[in-house]
Amino acid sequence: MSKHNVSRRQFLSYTLTGVGGFMAAGMLMPMVRFAVDPVLKAGAGSDYIATKQKVSEITAEPKRVDFTFEQVDAWYKSEVTGSAWVYKDDNGKIVALSPVCKHLGCTVDWNTDKSNPNQFFCPCHYGRYTKDGMNVEGTPPIAPLDMYDFKEKDGFLHLGPIKPHKGA
Amino acid sequence: MLNKIYDWVDDRLDITPLWRDIADHEVPEHVNPAHHFSAFVYCFGGLTFFITVIQILSGMFLTMYYVPDIKNAWESVFYLQNEVAFGQIVRGMHHWGASLVIVMMFLHTLRVFFQGAYKKPRELNWVVGVLIFFVMLGLGFTGYLLPWDMKALFATKVGLQIAQSVPFMGTAIKTLLAGDPTIVGAQTLTRFFAIHVFFLPGALLGLMAAHFLMIRKQGISGPL
């Protein structure tokens, strides 16, 4: 066995650092965990939200469908309104597009730009999308409009989480 | 590794004298509990400081969730206490620490008083210490309102009535504190929050700096 000579000074500095570190950790650990809580909180699974739109009344013309849901923001609960552009495509399949412009997040409208009829139009920077949600080349948006997952329940349209556009 | 980083910085900035000046001073035999156990009475000042550090830290973290608004204050406290991990512990530290800091400060004051350590040339430090005492009581008074529950509200009403009983300028003092001559409400809460979180801690840090500088300048009082 080799002989370790731990000096009195070394011993004291090790034990003091150890005990001090333990006490500091006991103090700081709860506070740090407290602060990072929002990062570690499990997000609530997003549900399908009922709208007042009857599935049988959806036409080929995009229609703005509004819906409200209760949003829980820590201690603050509020009614939040969202909307979707809903229509049936050429194959009779329902399409539900998010109205949030992929340029800088303004809200797009259907068929409001007189020189480009039958397109989604964003008034902020003249961004345009074709009916299927694809961004028009040469306008500010760099991606197609997002799409809602949806399902039919009791004849009404229910909207789910927002997903990236599935492509043309 | 740490030593190398320290040496690198010290090489350029010569920081050793800075902390040596603070750290290198002998503990006189009569204040060292290893020599005389009764010397533990000298610990109360340091304990007051230690708890004050905990109060500042836990308070900083609490403001991450707390809102000083009559509609949201109680809700946000309820949320941080019951929904946030370790919320009960962090608020508990601030709650119990608030009482403990007063206890420690009182014991420290008793020690200085009965040892006569306030006598010449340390009178000024006694005065600063008493000011710290008042600032701490102010922190306790203003912090008590912040959860915005019934206990907080009525304790503050009583406190404001005491302030109002000052001759001639009582009503003015009360209005200055509460933000309104009659209502204890929205303005009272924001004012108490500002006083509790910015004004009094600022004053406290300044006074504590003066308190500690004077100890270093004058040294600790001699044995009885």
# chains A, B, ... in the order shown; residues from 1 in each chain; ligands from 1
>>> interface_residues(of="chain B", to="chain A", cutoff="10 Å", atoms="only C-alpha atoms", output="ChimeraX atom specification")
/B:54,57-62,64-65,72-80,83-91,93
>>> residues_around(residues="Gln119 of chain A", least_positions_apart="4", cutoff="6 Å", atoms="only C-alpha atoms", output="PyMOL selection string")
chain A and resi 111+129-131
>>> atom_distance(atom1="atom CA of Val41 of chain B", atom2="atom CA of Gly116 of chain B")
13.6 Å
>>> atom_distance(atom1="atom CA of Ile132 of chain B", atom2="atom CA of Ala117 of chain B")
16.9 Å
>>> closest_residue(among="B:Ala152, B:Gln55, B:Leu204, B:Ala98", to="Phe134 of chain B", atoms="only C-alpha atoms")
B:Leu204
>>> residues_around(residues="Thr16 of chain B", least_positions_apart="5", cutoff="10 Å", atoms="only C-alpha atoms", output="count of residues only")
6
>>> residues_around(residues="Gly92 of chain A", least_positions_apart="4", cutoff="12 Å", atoms="only C-alpha atoms", output="MDAnalysis selection string")
chainID A and resid 55:56 58:61 87:88
